[in-house]
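As provided, my_file_3.txt (compact mmCIF, C-alpha atoms) reads as follows.
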# COMPACT_ATOMS: atom_id res chain seq x y z
CA MET A 255 19.30 -63.37 33.79
CA ASP A 256 17.90 -59.88 34.08
CA THR A 257 16.41 -59.74 37.58
CA LEU A 258 13.88 -57.08 36.60
CA LEU A 259 12.64 -59.30 33.77
CA GLU A 260 12.24 -62.15 36.24
CA LEU A 261 10.35 -60.15 38.89
CA PRO A 262 6.93 -61.46 37.74
CA LEU A 263 8.17 -65.04 38.09
CA ILE A 264 9.65 -64.30 41.50
CA LEU A 265 6.20 -63.11 42.63
CA PHE A 266 4.34 -65.93 40.87
CA THR A 267 6.41 -68.72 42.40
CA LEU A 268 6.48 -67.19 45.87
CA LEU A 269 2.79 -66.29 46.12
CA THR A 270 1.51 -69.54 44.65
CA GLN A 271 3.76 -71.55 46.96
CA LEU A 272 2.43 -69.57 49.92
CA ALA A 273 -1.09 -70.32 48.69
CA VAL A 274 -0.30 -74.04 48.44
CA GLY A 275 1.26 -73.95 51.92
CA LEU A 276 -1.87 -72.38 53.38
CA ALA A 277 -4.08 -74.91 51.57
CA VAL A 278 -1.99 -77.80 52.87
CA PHE A 279 -2.24 -76.63 56.46
CA ALA A 280 -5.92 -75.79 56.15
CA ALA A 281 -6.53 -79.36 55.01
CA LEU A 282 -4.27 -80.72 57.73
CA ARG A 283 -6.05 -78.79 60.46
CA GLN A 284 -9.41 -79.89 59.15
CA TRP A 285 -8.17 -83.48 59.24
CA VAL A 286 -6.67 -83.32 62.71
CA THR A 287 -9.02 -80.99 64.56
CA VAL A 288 -12.19 -81.07 62.39
CA GLU A 289 -12.67 -77.30 62.38
CA GLY A 290 -16.15 -76.02 61.84
CA PRO A 291 -16.93 -73.05 59.63
CA SER A 292 -15.51 -69.83 61.02
CA THR A 293 -14.61 -66.37 59.90
CA ARG A 294 -10.93 -67.26 60.20
CA THR A 295 -11.28 -70.28 57.92
CA ARG A 296 -13.20 -68.23 55.37
CA ASN A 297 -10.61 -65.48 55.46
CA GLU A 298 -7.88 -68.06 54.99
CA TRP A 299 -9.47 -69.41 51.80
CA ILE A 300 -10.08 -65.88 50.55
CA ALA A 301 -6.36 -65.24 51.11
CA ILE A 302 -5.45 -68.47 49.27
CA LEU A 303 -7.54 -67.52 46.28
CA ALA A 304 -6.23 -63.94 46.30
CA LEU A 305 -2.62 -65.17 46.40
CA ILE A 306 -3.24 -67.47 43.43
CA GLY A 307 -4.91 -64.62 41.55
CA VAL A 308 -2.16 -62.08 42.19
CA GLY A 309 0.50 -64.69 41.40
CA VAL A 310 -1.11 -65.60 38.08
CA ILE A 311 -1.60 -61.95 37.12
CA ALA A 312 2.08 -61.33 37.94
CA ALA A 313 3.07 -64.28 35.74
CA PHE A 314 1.33 -62.67 32.76
CA PHE A 315 3.76 -59.75 32.99
CA HIS A 316 6.59 -62.21 32.49
CA LEU A 317 5.42 -63.02 28.98
CA GLY A 318 6.50 -61.04 25.96
CA LYS A 319 3.05 -61.68 24.46
CA PRO A 320 0.63 -62.15 27.39
CA LEU A 321 -2.37 -62.65 25.09
CA GLY A 322 -0.83 -65.91 23.91
CA ALA A 323 -0.80 -67.35 27.43
CA ILE A 324 -3.63 -69.76 26.70
CA ARG A 325 -1.37 -71.52 24.19
CA MET A 326 0.91 -72.56 27.05
CA LEU A 327 -1.13 -75.75 27.37
CA ALA A 328 -0.05 -76.81 23.88
CA ASN A 329 2.91 -78.97 24.86
CA LEU A 330 1.74 -81.05 27.83
CA GLY A 331 3.58 -84.03 26.35
CA THR A 332 7.10 -82.79 27.09
CA ALA A 333 7.04 -79.29 28.62
CA TRP A 334 6.87 -79.02 32.40
CA LEU A 335 5.84 -75.39 31.98
CA SER A 336 2.64 -76.53 30.23
CA ARG A 337 1.99 -79.04 33.02
CA GLU A 338 2.61 -76.33 35.60
CA ILE A 339 -0.03 -74.07 34.05
CA LEU A 340 -2.53 -76.93 33.91
CA THR A 341 -2.02 -78.05 37.52
CA PHE A 342 -2.19 -74.50 38.85
CA ALA A 343 -5.39 -73.92 36.89
CA ILE A 344 -6.91 -77.03 38.52
CA PHE A 345 -5.60 -75.92 41.92
CA GLY A 346 -7.23 -72.52 41.42
CA VAL A 347 -10.59 -74.06 40.55
CA LEU A 348 -10.44 -76.42 43.54
CA ALA A 349 -9.47 -73.53 45.82
CA ALA A 350 -12.47 -71.55 44.55
CA ILE A 351 -14.80 -74.52 45.22
CA SER A 352 -13.25 -74.92 48.68
CA LEU A 353 -13.93 -71.26 49.41
CA TYR A 354 -17.52 -71.70 48.29
CA MET A 355 -17.89 -74.74 50.55
CA VAL A 356 -16.47 -73.08 53.66
CA TYR A 357 -18.79 -70.13 53.04
CA THR A 358 -21.98 -72.10 52.59
CA LYS A 359 -21.58 -75.22 54.69
CA ALA A 360 -19.11 -77.17 56.76
CA PRO A 361 -15.77 -77.62 54.95
CA ASN A 362 -15.55 -80.90 53.08
CA GLY A 363 -12.46 -82.69 54.38
CA TRP A 364 -11.92 -84.67 51.19
CA LEU A 365 -12.20 -81.59 49.02
CA LEU A 366 -9.64 -79.75 51.14
CA LYS A 367 -7.29 -82.73 51.01
CA LEU A 368 -7.67 -82.96 47.24
CA THR A 369 -7.03 -79.23 46.87
CA ALA A 370 -3.89 -79.51 49.00
CA LEU A 371 -2.64 -82.53 47.05
CA VAL A 372 -3.18 -80.84 43.68
CA GLY A 373 -1.42 -77.77 45.08
CA LEU A 374 1.59 -79.88 46.03
CA LEU A 375 1.51 -81.48 42.58
CA ALA A 376 1.51 -77.99 41.06
CA VAL A 377 4.59 -77.05 43.10
CA PHE A 378 6.19 -80.29 41.93
CA THR A 379 5.63 -79.22 38.32
CA THR A 380 7.10 -75.78 39.11
CA GLY A 381 10.16 -77.50 40.56
CA MET A 382 10.58 -79.55 37.40
CA ALA A 383 9.96 -76.56 35.13
CA TYR A 384 12.85 -74.68 36.72
CA THR A 385 15.43 -77.44 36.30
CA GLY A 386 16.83 -75.57 33.29
CA LYS A 387 19.33 -77.56 31.26
CA ALA A 388 21.36 -74.38 30.83
CA LEU A 389 21.55 -73.83 34.58
CA ASP A 390 23.99 -76.50 35.71
CA ALA A 391 23.67 -75.65 39.41
CA ILE A 392 19.92 -76.28 39.46
CA ASN A 393 19.59 -78.79 36.64
CA ASN A 394 18.57 -81.34 39.26
CA LEU A 395 16.02 -81.69 42.06
CA LEU A 396 17.19 -78.58 43.91
CA PRO A 397 14.44 -76.27 42.60
CA LEU A 398 11.87 -78.79 43.81
CA VAL A 399 13.55 -79.01 47.21
CA PHE A 400 13.80 -75.21 47.50
CA PHE A 401 10.17 -74.71 46.49
CA MET A 402 8.83 -77.40 48.83
CA LEU A 403 10.81 -75.88 51.69
CA THR A 404 9.14 -72.55 50.90
CA VAL A 405 5.71 -74.23 50.95
CA PHE A 406 6.34 -75.83 54.34
CA THR A 407 7.95 -72.68 55.76
CA LEU A 408 5.45 -70.06 54.68
CA GLY A 409 2.41 -72.33 54.94
CA PRO A 410 2.45 -72.91 58.71
CA ALA A 411 3.97 -69.49 59.44
CA VAL A 412 1.30 -67.45 57.65
CA ALA A 413 -1.44 -69.88 58.71
CA ALA A 414 -0.79 -68.60 62.24
CA TYR A 415 -2.82 -65.50 61.30
CA PHE A 416 -5.87 -67.71 60.63
CA VAL A 417 -5.58 -70.13 63.52
CA GLU A 418 -6.49 -69.68 67.15
CA GLU A 419 -3.40 -69.41 69.32
CA LYS A 420 -4.29 -72.59 71.19
CA ASN A 421 -3.84 -74.47 67.91
CA HIS A 422 -0.41 -73.03 67.04
CA ALA A 423 1.25 -76.20 68.34
CA LEU A 424 0.29 -78.09 65.18
CA LEU A 425 1.90 -75.37 63.07
CA THR A 426 5.10 -75.10 65.10
CA SER A 427 5.52 -78.88 65.13
CA ILE A 428 6.04 -78.69 61.36
CA LEU A 429 7.50 -75.20 61.04
CA PHE A 430 10.47 -75.83 63.34
CA PRO A 431 11.90 -78.92 61.56
CA THR A 432 11.23 -77.27 58.17
CA LEU A 433 13.16 -74.17 59.20
CA LEU A 434 16.02 -76.35 60.42
CA ALA A 435 16.07 -78.35 57.18
CA SER A 436 15.81 -75.19 55.07
CA LEU A 437 18.66 -73.51 56.92
CA ILE A 438 20.92 -76.54 56.49
CA VAL A 439 20.06 -77.01 52.81
CA HIS A 440 20.44 -73.33 51.87
CA PHE A 441 23.68 -73.01 53.85
CA VAL A 442 25.30 -76.16 52.46
CA VAL A 443 24.25 -76.08 48.79
CA PRO A 444 26.40 -73.09 47.66
CA PHE A 445 29.46 -74.78 49.15
CA ILE A 446 28.64 -77.98 47.22
CA TRP A 447 28.36 -75.88 44.06
CA LEU A 448 31.94 -74.70 44.66
CA SER A 449 33.15 -78.23 43.96
CA GLY A 450 31.24 -78.49 40.67
CA ASN A 451 32.18 -77.36 37.16
CA ALA A 452 33.07 -73.74 36.34
CA VAL A 453 29.44 -72.70 35.92
CA MET A 454 28.34 -74.27 39.20
CA LYS A 455 31.37 -72.80 40.95
CA ALA A 456 30.50 -69.32 39.66
CA THR A 457 26.95 -69.81 40.95
CA GLY A 458 28.26 -70.85 44.38
CA GLN A 459 30.57 -67.83 44.48
CA ASN A 460 27.67 -65.54 43.50
CA PHE A 461 25.56 -66.86 46.36
CA LEU A 462 28.28 -66.68 48.98
CA ALA A 463 29.08 -63.09 47.98
CA SER A 464 25.45 -61.97 47.95
CA PRO A 465 23.69 -60.21 50.86
CA LEU A 466 20.42 -61.63 49.48
CA HIS A 467 21.59 -65.15 50.34
CA TRP A 468 22.82 -64.30 53.82
CA LEU A 469 19.72 -62.25 54.70
CA HIS A 470 17.61 -65.23 53.62
CA LEU A 471 19.62 -67.44 55.98
CA ALA A 472 19.30 -64.82 58.74
CA ALA A 473 15.50 -64.86 58.38
CA LEU A 474 15.46 -68.66 58.66
CA LEU A 475 17.74 -68.45 61.71
CA ALA A 476 15.42 -65.89 63.32
CA GLY A 477 12.55 -68.27 62.71
CA LEU A 478 14.40 -71.12 64.35
CA PHE A 479 15.18 -68.94 67.36
CA PHE A 480 11.64 -67.74 67.94
CA VAL A 481 9.61 -70.80 66.97
CA ARG A 482 9.32 -73.11 69.91
CA SER A 483 7.26 -76.22 70.25
CA GLY A 484 4.09 -75.61 72.24
CA LYS A 485 4.43 -71.82 72.05
CA ASN A 486 2.69 -69.29 69.88
CA ILE A 487 4.13 -67.99 66.62
CA PRO A 488 4.90 -64.28 67.13
CA ALA A 489 2.80 -62.06 64.82
CA TRP A 490 5.88 -60.46 63.22
CA LEU A 491 7.62 -63.73 62.41
CA PRO A 492 5.61 -64.69 59.28
CA ILE A 493 6.50 -61.30 57.79
CA VAL A 494 10.20 -61.84 58.49
CA LEU A 495 10.04 -65.33 56.95
CA LEU A 496 8.12 -64.02 53.94
CA VAL A 497 10.72 -61.30 53.33
CA GLY A 498 13.47 -63.89 53.80
CA GLU A 499 11.90 -66.21 51.23
CA LEU A 500 11.46 -63.28 48.85
CA LEU A 501 15.16 -62.42 49.11
CA GLY A 502 16.07 -66.08 48.65
CA ARG A 503 13.86 -66.30 45.59
CA ILE A 504 15.42 -63.16 44.07
CA ALA A 505 18.82 -64.80 44.63
CA PHE A 506 17.56 -67.98 42.95
CA PHE A 507 16.56 -66.08 39.83
CA ALA A 508 19.42 -63.58 39.76
CA LEU A 509 22.52 -65.49 40.81
CA VAL A 510 22.38 -68.86 39.06
CA VAL A 511 24.84 -68.72 36.16
CA ASN A 512 23.78 -69.81 32.68
CA SER A 513 26.09 -72.30 30.99
CA GLY A 514 26.03 -70.19 27.81
CA ALA A 515 27.75 -67.34 29.66
CA ASN A 516 30.98 -69.35 29.75
CA LEU A 517 31.35 -70.24 26.06
CA GLY A 518 35.03 -70.19 25.13
CA GLY A 519 36.03 -70.69 28.76
CA VAL A 520 36.94 -73.79 30.74
CA TYR A 521 33.89 -75.79 31.82
CA MET B 60 19.04 -89.14 4.92
CA THR B 61 20.56 -85.74 5.47
CA ARG B 62 21.76 -84.35 8.78
CA TYR B 63 23.00 -80.80 8.39
CA ALA B 64 25.51 -79.33 10.83
CA PHE B 65 27.90 -76.41 11.09
CA SER B 66 31.60 -77.22 11.13
CA VAL B 67 33.78 -74.69 12.95
CA ASN B 68 37.48 -74.81 12.14
CA ALA B 69 39.17 -72.82 14.90
CA GLU B 70 42.55 -73.19 13.20
CA LEU B 71 41.32 -71.35 10.11
CA CYS B 72 39.12 -68.77 11.90
CA ILE B 73 40.76 -65.33 12.04
CA GLY B 74 38.05 -63.71 14.18
CA CYS B 75 36.80 -61.28 11.53
CA SER B 76 33.11 -61.68 12.54
CA SER B 77 32.01 -61.74 8.89
CA CYS B 78 29.77 -64.70 9.80
CA GLY B 79 27.90 -62.75 12.47
CA MET B 80 27.58 -59.68 10.26
CA ALA B 81 26.28 -61.75 7.33
CA CYS B 82 23.69 -63.27 9.67
CA LYS B 83 22.58 -59.83 10.87
CA ASN B 84 22.33 -58.57 7.29
CA GLN B 85 20.46 -61.62 6.03
CA TYR B 86 17.72 -61.27 8.65
CA ASN B 87 17.95 -57.53 9.27
CA LEU B 88 18.30 -58.21 12.97
CA ASP B 89 17.47 -55.52 15.48
CA PRO B 90 20.37 -53.59 17.02
CA GLY B 91 21.93 -55.61 19.81
CA MET B 92 20.45 -58.86 18.54
CA VAL B 93 22.92 -61.56 17.47
CA TRP B 94 22.15 -65.07 16.31
CA ARG B 95 25.79 -65.95 15.59
CA LYS B 96 28.61 -64.74 17.77
CA LEU B 97 32.36 -65.13 17.98
CA TYR B 98 33.70 -66.46 21.28
CA PRO B 99 37.44 -66.05 21.93
CA LEU B 100 38.99 -69.06 23.66
CA SER B 101 40.24 -68.31 27.14
CA GLU B 102 43.97 -68.43 27.74
CA GLU B 103 43.57 -71.59 29.82
CA ILE B 104 42.51 -73.32 26.59
CA TYR B 105 44.62 -71.52 24.01
CA PRO B 106 47.73 -69.71 25.22
CA HIS B 107 47.40 -66.55 23.16
CA LYS B 108 44.71 -64.03 24.00
CA ASP B 109 42.20 -63.29 21.21
CA ARG B 110 43.94 -65.56 18.71
CA ALA B 111 41.55 -68.52 18.59
CA PHE B 112 37.78 -68.38 18.31
CA TYR B 113 34.61 -70.42 18.05
CA SER B 114 31.94 -68.97 15.81
CA LEU B 115 28.74 -70.20 17.45
CA ALA B 116 25.02 -70.02 16.78
CA CYS B 117 22.33 -72.63 17.34
CA ASN B 118 23.82 -76.12 17.34
CA HIS B 119 20.63 -77.72 16.00
CA CYS B 120 20.80 -80.51 18.58
CA SER B 121 19.42 -83.97 17.82
CA GLN B 122 17.61 -83.81 21.18
CA PRO B 123 16.84 -80.07 21.42
CA ALA B 124 16.12 -78.94 24.97
CA CYS B 125 14.48 -75.78 23.62
CA LEU B 126 11.93 -77.82 21.70
CA GLU B 127 11.26 -80.18 24.60
CA GLY B 128 10.67 -77.38 27.10
CA CYS B 129 8.72 -74.94 24.92
CA PRO B 130 5.15 -74.78 26.29
CA VAL B 131 3.61 -73.40 23.11
CA GLY B 132 5.35 -75.63 20.56
CA ALA B 133 7.20 -72.75 18.88
CA TYR B 134 10.09 -75.07 18.02
CA THR B 135 10.01 -77.79 15.40
CA GLN B 136 12.71 -80.03 13.98
CA ARG B 137 12.96 -80.77 10.28
CA GLU B 138 13.93 -84.17 8.92
CA ASP B 139 17.36 -82.78 8.05
CA GLY B 140 17.92 -81.93 11.72
CA ILE B 141 17.46 -78.16 11.50
CA VAL B 142 15.66 -76.82 14.57
CA VAL B 143 13.27 -74.07 13.46
CA HIS B 144 11.80 -71.47 15.78
CA ASN B 145 8.49 -69.85 14.87
CA GLU B 146 8.46 -66.28 16.19
CA ASP B 147 4.74 -65.92 15.51
CA VAL B 148 3.92 -68.82 17.84
CA CYS B 149 6.45 -67.79 20.53
CA ILE B 150 4.91 -65.89 23.46
CA GLY B 151 8.23 -64.84 24.99
CA CYS B 152 8.19 -66.98 28.15
CA ARG B 153 11.98 -67.44 27.76
CA ASN B 154 11.90 -71.01 29.04
CA CYS B 155 14.20 -71.97 26.15
CA LEU B 156 16.83 -69.53 27.46
CA ARG B 157 16.89 -71.55 30.68
CA ASN B 158 17.12 -74.79 28.76
CA CYS B 159 19.72 -74.16 26.06
CA PRO B 160 23.22 -74.60 27.58
CA PHE B 161 24.74 -73.05 24.45
CA GLY B 162 23.02 -69.68 24.80
CA ALA B 163 21.55 -69.89 21.30
CA PRO B 164 18.01 -68.51 21.81
CA ARG B 165 18.01 -64.75 22.35
CA TYR B 166 15.16 -62.67 23.75
CA ASN B 167 14.04 -59.68 21.72
CA GLU B 168 12.54 -57.39 24.35
CA GLU B 169 11.09 -55.00 21.76
CA GLU B 170 9.24 -57.72 19.88
CA GLY B 171 8.42 -59.82 22.96
CA HIS B 172 9.66 -63.05 21.46
CA VAL B 173 12.72 -65.25 21.28
CA GLU B 174 14.86 -65.51 18.14
CA LYS B 175 17.61 -67.86 17.04
CA CYS B 176 19.62 -69.17 14.10
CA SER B 177 17.54 -71.12 11.61
CA MET B 178 20.56 -72.41 9.68
CA CYS B 179 19.05 -70.38 6.81
CA TRP B 180 16.80 -73.30 5.94
CA GLN B 181 15.08 -71.22 3.29
CA ARG B 182 18.44 -70.68 1.57
CA ILE B 183 19.35 -74.36 1.97
CA ASP B 184 16.05 -75.37 0.38
CA GLU B 185 16.99 -73.15 -2.58
CA GLY B 186 20.35 -74.85 -2.89
CA LEU B 187 22.26 -71.99 -1.28
CA LEU B 188 24.62 -72.00 1.67
CA PRO B 189 23.67 -70.37 4.99
CA ALA B 190 24.60 -66.69 4.93
CA CYS B 191 27.29 -67.08 7.60
CA VAL B 192 28.96 -69.97 5.76
CA GLN B 193 28.89 -68.12 2.46
CA ALA B 194 30.45 -65.02 4.04
CA CYS B 195 33.36 -66.76 5.79
CA PRO B 196 36.52 -65.61 3.92
CA THR B 197 38.75 -68.45 5.20
CA ASN B 198 36.31 -71.35 4.93
CA ALA B 199 36.56 -71.76 8.69
CA LEU B 200 32.80 -72.09 8.89
CA THR B 201 31.29 -74.75 6.65
CA LEU B 202 28.07 -76.68 6.29
CA VAL B 203 28.45 -80.45 6.55
CA ASP B 204 26.12 -83.39 6.22
CA LEU B 205 26.85 -85.67 9.15
CA ASP B 206 25.33 -88.63 7.30
CA VAL B 207 27.53 -88.17 4.23
CA ASP B 208 30.64 -86.11 4.94
CA ASP B 209 33.66 -87.52 6.74
CA VAL B 210 33.76 -85.74 10.10
CA SER B 211 35.94 -88.31 11.81
CA SER B 212 38.74 -85.79 12.36
CA THR B 213 36.45 -83.28 14.04
CA VAL B 214 35.45 -82.93 17.69
CA GLN B 215 31.92 -82.67 19.06
CA TYR B 216 32.79 -81.42 22.56
CA PRO B 217 35.98 -79.33 22.46
CA PRO B 218 37.31 -77.35 25.43
CA GLY B 219 35.33 -74.13 25.78
CA PHE B 220 32.07 -75.80 24.77
CA PRO B 221 29.54 -77.41 27.14
CA TYR B 222 29.70 -81.21 27.28
CA ARG B 223 26.05 -82.17 26.77
CA PRO B 224 25.79 -85.61 25.16
CA ASP B 225 22.15 -85.76 26.30
CA LEU B 226 21.33 -83.06 23.74
CA GLU B 227 23.66 -84.22 20.94
CA PRO B 228 24.60 -80.82 19.49
CA SER B 229 25.34 -81.22 15.78
CA THR B 230 28.16 -78.66 15.45
CA ARG B 231 31.60 -80.12 14.81
CA PHE B 232 34.93 -78.48 15.60
CA VAL B 233 38.48 -78.55 14.35
CA LEU B 234 40.72 -77.49 17.21
CA PRO B 235 43.31 -74.72 16.84
CA VAL B 236 46.91 -75.91 16.64
CA ALA B 237 49.04 -74.78 19.56
CA PRO B 238 51.39 -72.03 18.43
CA LYS B 239 55.10 -72.65 18.12
CA ILE B 240 57.14 -69.85 19.61
CA VAL B 241 60.46 -69.26 17.85
CA ARG B 242 63.06 -67.20 19.70
CA ARG B 243 66.36 -66.05 18.32
CA ASP B 244 69.34 -67.14 20.40
CA VAL B 245 71.05 -64.18 22.01
Written as structure tokens, how would this file's structure read?
Amino acid sequence: MDTLLELPLILFTLLTQLAVGLAVFAALRQWVTVEGPSTRTRNEWIAILALIGVGVIAAFFHLGKPLGAIRMLANLGTAWLSREILTFAIFGVLAAISLYMVYTKAPNGWLLKLTALVGLLAVFTTGMAYTGKALDAINNLLPLVFFMLTVFTLGPAVAAYFVEEKNHALLTSILFPTLLASLIVHFVVPFIWLSGNAVMKATGQNFLASPLHWLHLAALLAGLFFVRSGKNIPAWLPIVLLVGELLGRIAFFALVVNSGANLGGVY
Amino acid sequence: MTRYAFSVNAELCIGCSSCGMACKNQYNLDPGMVWRKLYPLSEEIYPHKDRAFYSLACNHCSQPACLEGCPVGAYTQREDGIVVHNEDVCIGCRNCLRNCPFGAPRYNEEEGHVEKCSMCWQRIDEGLLPACVQACPTNALTLVDLDVDDVSSTVQYPPGFPYRPDLEPSTRFVLPVAPKIVRRDV
């Protein structure tokens, strides 16, 4: 796949997953600590809505005919891409209502929970949409696993900017095990690909030879080193994790080999 | 019922690319765009380099992954099995490129849509052969009806072709015969 052609999708998936992560942890904090309205909370929901907006605008640039985007809802029966568009549209509307609520009155816990749940459902549909049948290495649940790990890595990390430092413990209690799980998964998976068919093996070799992959792992490792239970999340760490996830996402789109590239060869 | 399919005889194919050229001429394809392409078999499969080929285009699967995954419904399947892509409906999301393991759909960056082999259904409806089949000088590429013709001596998943029984690609293959090397005694 042409990486430049896929840049809009790289941004769309990353930014919307960050938005879902923030929404999940906003709902979680509301549930656990019953936060009242505050400038930080408002800013957080503005950020969520902005991330969705920028992500969706980026996605339009992926299309050869952007004006036909509305027709993407035409095949909800079988196409995960149609379902992805629908769930993200609902997530966007709920996020906008949530922002309105936190601006005008006390945040509604149920609304925030619903928004977070729909956001997770949207990421689920993204995960299913990217299980391309031509992409043997990820024609399984791996995209879903990768995307959920991004949600639960970037969500608590970036939420640190919108949460008082005394409440960072809730974020680190989830961020640390997620970083550990993400590091293990992303380290192990390319080696598993090496034992697959020729297309999967080529994908594994691409990843292991790519600086993108190793820099992504380095960012996760840095996160593990500096995130400690009961301590604050350093202000620079979310940026490092965000860059790491961006590099990992570029690798995801650029290095997975298409089965059609091996026609005439041994599979 | 009729179930059209391409039959690729790799023993008869001489790699002249007439099929691909006929396809390009029939549809006046843009430069760089190919709907049918010749794939040489790797030496692990056939021991002589560039001596055995598969001429491949869309395999018009019984369970087309392109059709299933297309968000705008640009793909349809006719009763005779031909999978038709409507370029006017396509919005160029390229999801079908991620879903077709045979690399059949191609993205036309200039036009902003995907294109692929239509098995020349307009020609078939007029009682003509697909352009690629008509152009093949050795009859290596033929059109068969899987519901009528005897294809029992052909192979659906030969070496060098993805094994995807979940999609049921319709193309059938006759494998190339291994060459016999004759050496003069010294």
Output as JSON lines one row per residue of chain A within 8 Å of chain B: the closest atom pair and its distance in Å to one decimal place, counting only C-alpha atoms, sorted by chain and residue number ascending.
{"residue": "A:His316", "atom": "CA", "partner": "B:Cys152", "partner_atom": "CA", "distance": 6.6}
{"residue": "A:Leu317", "atom": "CA", "partner": "B:Cys152", "partner_atom": "CA", "distance": 4.9}
{"residue": "A:Gly318", "atom": "CA", "partner": "B:Gly171", "partner_atom": "CA", "distance": 3.8}
{"residue": "A:Lys319", "atom": "CA", "partner": "B:Ile150", "partner_atom": "CA", "distance": 4.7}
{"residue": "A:Pro320", "atom": "CA", "partner": "B:Ile150", "partner_atom": "CA", "distance": 6.9}
{"residue": "A:Gly322", "atom": "CA", "partner": "B:Ile150", "partner_atom": "CA", "distance": 5.8}
{"residue": "A:Ala323", "atom": "CA", "partner": "B:Ile150", "partner_atom": "CA", "distance": 7.1}
{"residue": "A:Arg325", "atom": "CA", "partner": "B:Val131", "partner_atom": "CA", "distance": 5.4}
{"residue": "A:Met326", "atom": "CA", "partner": "B:Pro130", "partner_atom": "CA", "distance": 4.8}
{"residue": "A:Leu327", "atom": "CA", "partner": "B:Pro130", "partner_atom": "CA", "distance": 6.4}
{"residue": "A:Ala328", "atom": "CA", "partner": "B:Val131", "partner_atom": "CA", "distance": 5.1}
{"residue": "A:Asn329", "atom": "CA", "partner": "B:Pro130", "partner_atom": "CA", "distance": 5.0}
{"residue": "A:Leu330", "atom": "CA", "partner": "B:Pro130", "partner_atom": "CA", "distance": 7.3}
{"residue": "A:Thr332", "atom": "CA", "partner": "B:Glu127", "partner_atom": "CA", "distance": 5.5}
{"residue": "A:Ala333", "atom": "CA", "partner": "B:Gly128", "partner_atom": "CA", "distance": 4.4}
{"residue": "A:Trp334", "atom": "CA", "partner": "B:Gly128", "partner_atom": "CA", "distance": 6.7}
{"residue": "A:Leu335", "atom": "CA", "partner": "B:Pro130", "partner_atom": "CA", "distance": 5.8}
{"residue": "A:Ser336", "atom": "CA", "partner": "B:Pro130", "partner_atom": "CA", "distance": 5.0}
{"residue": "A:Tyr384", "atom": "CA", "partner": "B:Arg157", "partner_atom": "CA", "distance": 7.9}
{"residue": "A:Gly386", "atom": "CA", "partner": "B:Asn158", "partner_atom": "CA", "distance": 4.6}
{"residue": "A:Lys387", "atom": "CA", "partner": "B:Asn158", "partner_atom": "CA", "distance": 4.3}
{"residue": "A:Ala388", "atom": "CA", "partner": "B:Pro160", "partner_atom": "CA", "distance": 3.8}
{"residue": "A:Leu389", "atom": "CA", "partner": "B:Arg157", "partner_atom": "CA", "distance": 6.5}
{"residue": "A:Asn512", "atom": "CA", "partner": "B:Pro160", "partner_atom": "CA", "distance": 7.0}
{"residue": "A:Ser513", "atom": "CA", "partner": "B:Pro160", "partner_atom": "CA", "distance": 5.0}
{"residue": "A:Gly514", "atom": "CA", "partner": "B:Gly162", "partner_atom": "CA", "distance": 4.3}
{"residue": "A:Ala515", "atom": "CA", "partner": "B:Gly162", "partner_atom": "CA", "distance": 7.2}
{"residue": "A:Asn516", "atom": "CA", "partner": "B:Gly219", "partner_atom": "CA", "distance": 7.6}
{"residue": "A:Leu517", "atom": "CA", "partner": "B:Gly219", "partner_atom": "CA", "distance": 5.6}
{"residue": "A:Gly518", "atom": "CA", "partner": "B:Gly219", "partner_atom": "CA", "distance": 4.0}
{"residue": "A:Gly519", "atom": "CA", "partner": "B:Gly219", "partner_atom": "CA", "distance": 4.6}
{"residue": "A:Val520", "atom": "CA", "partner": "B:Gly219", "partner_atom": "CA", "distance": 5.2}
{"residue": "A:Tyr521", "atom": "CA", "partner": "B:Gly219", "partner_atom": "CA", "distance": 6.4}
**OP:** Work out how far apart CA of Ala435 (chain A) and CA of Ala413 (chain A) are and give it in Å to one decimal.
**Re:** 19.5 Å
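Atom pair CA of Ala304 (chain A) / CA of His470 (chain A) has a distance of 25.0 Å (rounded to one decimal).
Using only C-alpha atoms, the shortest contact distance between Ala414 (chain A) and any of A:Ala280, A:Leu434, A:Val356, A:Leu398 is found at A:Ala280.
We find CA of Val241 (chain B) and CA of Lys108 (chain B) to be spaced 17.7 Å apart.
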**OP:** For the point (14.8, -63.2, 57.0) in the file's frame, write as JSON, numbers by chain all residues with an atom no more than 10 Å away, counting all atoms listed in the file.
**Re:** {"A": [466, 467, 468, 469, 470, 471, 472, 473, 474, 475, 476, 477, 491, 492, 493, 494, 495, 496, 497, 498, 499, 500, 501, 502]}
